[in-house]
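Asker: Please find one structure pasted underneath; my questions will follow.
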Amino acid sequence: MHCLARKFKQRSLKQRVIKSTKKLVAEARFGVWSCLWRCPSGLVEICLMHPLDVVKTRFQIQRCTTDPNSYKSLGDSFRMIFCTEGLFGFYKGILPPILAETPKRAVKFFTFEQYKKLLGYVSLSPALTFAVAGLGSGLTEAIVVNPFEVVKVGLQANRNRFTEQPSTMSYARHIIKKEGLGLGGLNKGFTATLGRHGVFNMVYFGFYFNVKNIIPVNKDPTLEFLRKFGIGLLSGTIASVINIPFDVAKSRIQGPQPVPGEIKYKTCFKTMATVYQEEGILALYKGLLPKIMRLGPGGAVMLLVYEYTYSWLQENW
């Protein structure tokens with residue numbers, strides 16, 4: 001009897017080891033596969049959505065609505081950019097996000113899985129585990145993308161015609177030469193970027209997986225796809241609404257200062273306080289519409305691809 005029980009335990013342990021190994025292999029392969037997949041798909045997504053990102057940044061850095069050059073609405077911004085800067089004006093600062101896309105998405109999802117696994121050793125509820133793992137993945141992602149964001153925002157803020165502005169590499173060299181690599185140079189706005197990505201991923205992953213577990217699974221594949229897409233769309237939208245004050249602070253810190261040579265916006269929360277005191281609470285939500293238009297459906301597609309790919313790799317690899 002004891003011998004039989006021992007054999008059963010050994011077999012059970014072996015099965016658990018095999019299952020854990022398969023999961024680790026699937027996660028590693030997902031990380032590699034996501035890097036390969038994000039190259040072409042990420043490029044298409046950026047090319048389609050980058051105009052909305054340019055408009056969002058322009059709204060966030062403009063301070064006075066009485067300025068004749070300020071944008072009055074989303075349609076007005078598209079019209080003014082097209083008339084004064086041409087079609088390529090919508091693609092200013094596009095190279096940094098293209099370069100950052102593959103490592104950014106790979107870090108986002110791979111670290112989410114790793115943090116989720118680590119939190120399994122802590123007595124947290126499943127609901128809180130998803131949110132905290134999302135927060136961790138967002139903070140890690142921010143470290144990767146911040147230098148690219150500094151260059152991107154600086155180029156997007158430039159209102160000269162596309163052919164008259166500096167190239168991405170020359171602008172990056174200019175920042176490094178003039179301001180250095182630290183928190184006042186190529187990594188300025190770092191705390192705001194941490195807040196933006198940390199809060200976004202916390203809400204994004206936390207809301208999606210918790211709500212998905214509450215709403216019953218549908219047996220019809222089409223309805224099940226729509227269920228997941230709807231939850232993903234809502235996740236991206238709510239996350240965008242909650243994290244946008246960090247996004248505004250980031251754009252103000254990384255963009256041009258009101259007085260050349262004088263740094264008005266330096267730290268995240270002080271920038272938020274200044275914007276609130278001088279322009280009101282709604283100023284912290286500038287650029288919200290183009291942000292939601294970009295990250296709402298984009299966030300839904302990203303999560304769906306992640307889920308279906310991860311499931312497929314676990315089953316077949």
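Chain labels A, B, ... are given in the sequence in which chains occur in the structure tokens; within each chain residues are numbered consecutively from 1, and ligands are likewise numbered from 1 in the order shown.
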Using only C-alpha atoms, which residues sit within 7 Å of Leu135 (chain A) once same-chain residues fewer than 4 positions away are excluded, as a list in words?
Answerer: Ala131, Leu139, Gly198, Val199, Asn201 and Met202 of chain A
Asker: May I have the residues within 6 Å of region 251-257 of chain A as a list in words, using only C-alpha atoms and disregarding those fewer than 2 positions away in the same chain?
Answerer: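 Once the adjacent positions are removed, what remains is Ile61, Val150, Val153, Gly154, Gly189, Val248, Ala249, Val259, Tyr265 and Lys266 of chain A.
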Asker: Would you mind writing down, as a PyMOL selection string, each residue of region 106-211 of chain A that DSSP on the backbone assigns to helix (DSSP H, G or I)?
Answerer: chain A and resi 106-121+126-157+162-164+168-179+190-211
Asker: With only C-alpha atoms as the atoms that count, which of A:Lys117, A:Arg227, A:Arg105, A:Arg159 lies nearest to Phe130 (chain A)?
Answerer: A:Lys117
Asker: Hey, which of A:Leu288, A:Leu95, A:Leu226, A:Leu295 ends up closest to Lys152 (chain A)? Count only C-alpha atoms.
Answerer: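 Closest to Lys152 (chain A), using only C-alpha atoms: A:Leu95.
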Asker: How many Å separate CA of Pro290 (chain A) from CA of Lys56 (chain A)?
Answerer: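 Computing it gives 5.7 Å between the two atoms.
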Asker: Within 8 Å of Asn243 (chain A), counting only C-alpha atoms, which residues qualify if same-chain residues fewer than 2 places away don't, as a PyMOL selection string?
Answerer: chain A and resi 195-197+199-200+239-241+245-247
Asker: So that I can check the surroundings of Leu52 (chain A), please list as a list in words every protein, DNA and RNA residue that reaches within 9 Å of it, counting only C-alpha atoms and ignoring chain neighbours fewer than 2 positions away.
Answerer: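 The filter keeps Leu48, Met49, His50, Val54, Val55, Lys56, Thr57, Phe90, Pro290, Lys291, Met293 and Arg294 of chain A.
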Asker: Restrict the selected residues to C-alpha atoms and save them as a PDB file, in the first residue's frame.
Answerer:
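Writing the result to part-v5.pdb gives the following:
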ATOM      1  CA  LEU A  48      -2.761  53.978 -39.071  1.00  0.00           C
ATOM      2  CA  MET A  49      -2.973  55.442 -35.564  1.00  0.00           C
ATOM      3  CA  HIS A  50       0.013  57.819 -35.420  1.00  0.00           C
ATOM      4  CA  VAL A  54       0.252  63.603 -32.973  1.00  0.00           C
ATOM      5  CA  VAL A  55      -3.072  65.380 -32.415  1.00  0.00           C
ATOM      6  CA  LYS A  56      -3.242  64.119 -28.806  1.00  0.00           C
ATOM      7  CA  THR A  57       0.241  65.503 -28.060  1.00  0.00           C
ATOM      8  CA  PHE A  90       0.622  63.712 -39.156  1.00  0.00           C
ATOM      9  CA  PRO A 290      -7.907  60.999 -29.824  1.00  0.00           C
ATOM     10  CA  LYS A 291      -6.317  58.883 -27.084  1.00  0.00           C
ATOM     11  CA  MET A 293      -9.966  56.539 -30.400  1.00  0.00           C
ATOM     12  CA  ARG A 294      -6.495  55.052 -30.610  1.00  0.00           C
TER      13      ARG A 294
END
Asker: Taking only C-alpha atoms into account, name the residue in A:Glu262, A:Val151, A:Glu224, A:Ser137 that is nearest to Val203 (chain A).
Answerer: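 Using only C-alpha atoms, the shortest distance to Val203 (chain A) belongs to A:Ser137.
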Asker: Of the candidates A:Thr129, A:Asn316, A:Asn158, A:Thr140, which shows the shortest atom-to-atom distance to Lys92 (chain A), using only C-alpha atoms?
Answerer: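 Closest candidate: A:Asn158.
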Asker: Tell me which of A:Ala133, A:Ile263, A:Val145, A:Ile281 sits closest to Phe110 (chain A), counting only C-alpha atoms.
Answerer: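 The answer is A:Ala133, which sits nearest to Phe110 (chain A).
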Asker: Using only C-alpha atoms, which protein or nucleic acid residues come within 9 Å of region 74-88 of chain A? Drop anything in the same chain fewer than 6 positions from it, and give the result as a JSON list (two decimals) with all heavy atoms, in the first residue's frame.
Answerer:
[["chain", "number", "residue", "atom", "x", "y", "z"],
["A", 51, "PRO", "N", -1.36, 59.52, -36.60],
["A", 51, "PRO", "CA", -1.97, 60.86, -36.67],
["A", 51, "PRO", "C", -2.75, 61.23, -35.41],
["A", 51, "PRO", "O", -2.71, 62.38, -34.96],
["A", 51, "PRO", "CB", -2.88, 60.78, -37.89],
["A", 51, "PRO", "CG", -2.20, 59.78, -38.77],
["A", 51, "PRO", "CD", -1.64, 58.75, -37.83],
["A", 55, "VAL", "N", -2.01, 64.45, -32.83],
["A", 55, "VAL", "CA", -3.07, 65.38, -32.41],
["A", 55, "VAL", "C", -3.20, 65.39, -30.89],
["A", 55, "VAL", "O", -3.35, 66.46, -30.28],
["A", 55, "VAL", "CB", -4.41, 64.99, -33.08],
["A", 55, "VAL", "CG1", -5.56, 65.77, -32.47],
["A", 55, "VAL", "CG2", -4.34, 65.24, -34.58],
["A", 58, "ARG", "N", -0.39, 67.43, -29.42],
["A", 58, "ARG", "CA", -0.58, 68.86, -29.69],
["A", 58, "ARG", "C", -1.60, 69.47, -28.72],
["A", 58, "ARG", "O", -1.42, 70.58, -28.22],
["A", 58, "ARG", "CB", -1.03, 69.07, -31.13],
["A", 58, "ARG", "CG", 0.01, 68.70, -32.18],
["A", 58, "ARG", "CD", 1.14, 69.70, -32.25],
["A", 58, "ARG", "NE", 2.11, 69.34, -33.26],
["A", 58, "ARG", "CZ", 2.04, 69.70, -34.54],
["A", 58, "ARG", "NH1", 1.02, 70.40, -35.00],
["A", 58, "ARG", "NH2", 3.01, 69.34, -35.37],
["A", 59, "PHE", "N", -2.68, 68.75, -28.48],
["A", 59, "PHE", "CA", -3.69, 69.24, -27.53],
["A", 59, "PHE", "C", -3.12, 69.34, -26.12],
["A", 59, "PHE", "O", -3.41, 70.28, -25.38],
["A", 59, "PHE", "CB", -4.91, 68.31, -27.52],
["A", 59, "PHE", "CG", -5.97, 68.67, -28.52],
["A", 59, "PHE", "CD1", -6.24, 67.85, -29.61],
["A", 59, "PHE", "CD2", -6.70, 69.86, -28.40],
["A", 59, "PHE", "CE1", -7.21, 68.18, -30.54],
["A", 59, "PHE", "CE2", -7.67, 70.20, -29.31],
["A", 59, "PHE", "CZ", -7.93, 69.37, -30.40],
["A", 159, "ARG", "N", 6.09, 72.51, -35.18],
["A", 159, "ARG", "CA", 5.03, 72.86, -36.14],
["A", 159, "ARG", "C", 5.56, 73.27, -37.50],
["A", 159, "ARG", "O", 4.79, 73.71, -38.36],
["A", 159, "ARG", "CB", 4.16, 73.98, -35.57],
["A", 159, "ARG", "CG", 3.34, 73.55, -34.37],
["A", 159, "ARG", "CD", 2.15, 74.46, -34.18],
["A", 159, "ARG", "NE", 1.33, 74.06, -33.06],
["A", 159, "ARG", "CZ", 0.10, 74.49, -32.85],
["A", 159, "ARG", "NH1", -0.46, 75.34, -33.69],
["A", 159, "ARG", "NH2", -0.60, 74.09, -31.80],
["A", 160, "ASN", "N", 6.86, 73.12, -37.72],
["A", 160, "ASN", "CA", 7.39, 73.37, -39.06],
["A", 160, "ASN", "C", 6.95, 72.26, -40.00],
["A", 160, "ASN", "O", 6.49, 71.21, -39.56],
["A", 160, "ASN", "CB", 8.93, 73.42, -39.03],
["A", 160, "ASN", "CG", 9.44, 74.60, -38.23],
["A", 160, "ASN", "OD1", 8.79, 75.64, -38.15],
["A", 160, "ASN", "ND2", 10.60, 74.44, -37.61],
["A", 161, "ARG", "N", 7.12, 72.49, -41.29],
["A", 161, "ARG", "CA", 6.78, 71.45, -42.25],
["A", 161, "ARG", "C", 7.71, 70.26, -42.04],
["A", 161, "ARG", "O", 8.83, 70.40, -41.55],
["A", 161, "ARG", "CB", 6.89, 71.97, -43.69],
["A", 161, "ARG", "CG", 5.85, 73.05, -44.00],
["A", 161, "ARG", "CD", 5.80, 73.34, -45.48],
["A", 161, "ARG", "NE", 5.15, 72.27, -46.24],
["A", 161, "ARG", "CZ", 3.84, 72.14, -46.40],
["A", 161, "ARG", "NH1", 3.01, 73.02, -45.84],
["A", 161, "ARG", "NH2", 3.34, 71.16, -47.11],
["A", 162, "PHE", "N", 7.26, 69.09, -42.42],
["A", 162, "PHE", "CA", 7.98, 67.85, -42.15],
["A", 162, "PHE", "C", 9.42, 67.91, -42.68],
["A", 162, "PHE", "O", 10.35, 67.44, -42.03],
["A", 162, "PHE", "CB", 7.23, 66.68, -42.81],
["A", 162, "PHE", "CG", 7.76, 65.32, -42.41],
["A", 162, "PHE", "CD1", 7.33, 64.71, -41.24],
["A", 162, "PHE", "CD2", 8.67, 64.66, -43.22],
["A", 162, "PHE", "CE1", 7.82, 63.45, -40.87],
["A", 162, "PHE", "CE2", 9.15, 63.40, -42.86],
["A", 162, "PHE", "CZ", 8.72, 62.81, -41.68],
["A", 163, "THR", "N", 9.59, 68.51, -43.86],
["A", 163, "THR", "CA", 10.92, 68.58, -44.48],
["A", 163, "THR", "C", 11.84, 69.57, -43.78],
["A", 163, "THR", "O", 13.05, 69.53, -43.99],
["A", 163, "THR", "CB", 10.79, 68.97, -45.96],
["A", 163, "THR", "OG1", 10.01, 70.18, -46.06],
["A", 163, "THR", "CG2", 10.11, 67.86, -46.76],
["A", 287, "GLY", "N", -6.67, 66.06, -24.93],
["A", 287, "GLY", "CA", -6.27, 64.98, -25.83],
["A", 287, "GLY", "C", -6.93, 63.65, -25.53],
["A", 287, "GLY", "O", -6.51, 62.61, -26.05],
["A", 289, "LEU", "N", -10.00, 62.47, -26.30],
["A", 289, "LEU", "CA", -10.75, 61.87, -27.40],
["A", 289, "LEU", "C", -9.84, 61.12, -28.38],
["A", 289, "LEU", "O", -10.09, 59.94, -28.67],
["A", 289, "LEU", "CB", -11.60, 62.92, -28.12],
["A", 289, "LEU", "CG", -12.46, 62.42, -29.28],
["A", 289, "LEU", "CD1", -13.40, 61.30, -28.82],
["A", 289, "LEU", "CD2", -13.25, 63.56, -29.90],
["A", 290, "PRO", "N", -8.79, 61.76, -28.92],
["A", 290, "PRO", "CA", -7.91, 61.00, -29.82],
["A", 290, "PRO", "C", -7.21, 59.83, -29.13],
["A", 290, "PRO", "O", -6.94, 58.81, -29.75],
["A", 290, "PRO", "CB", -6.90, 62.04, -30.32],
["A", 290, "PRO", "CG", -7.00, 63.19, -29.38],
["A", 290, "PRO", "CD", -8.39, 63.18, -28.86]]
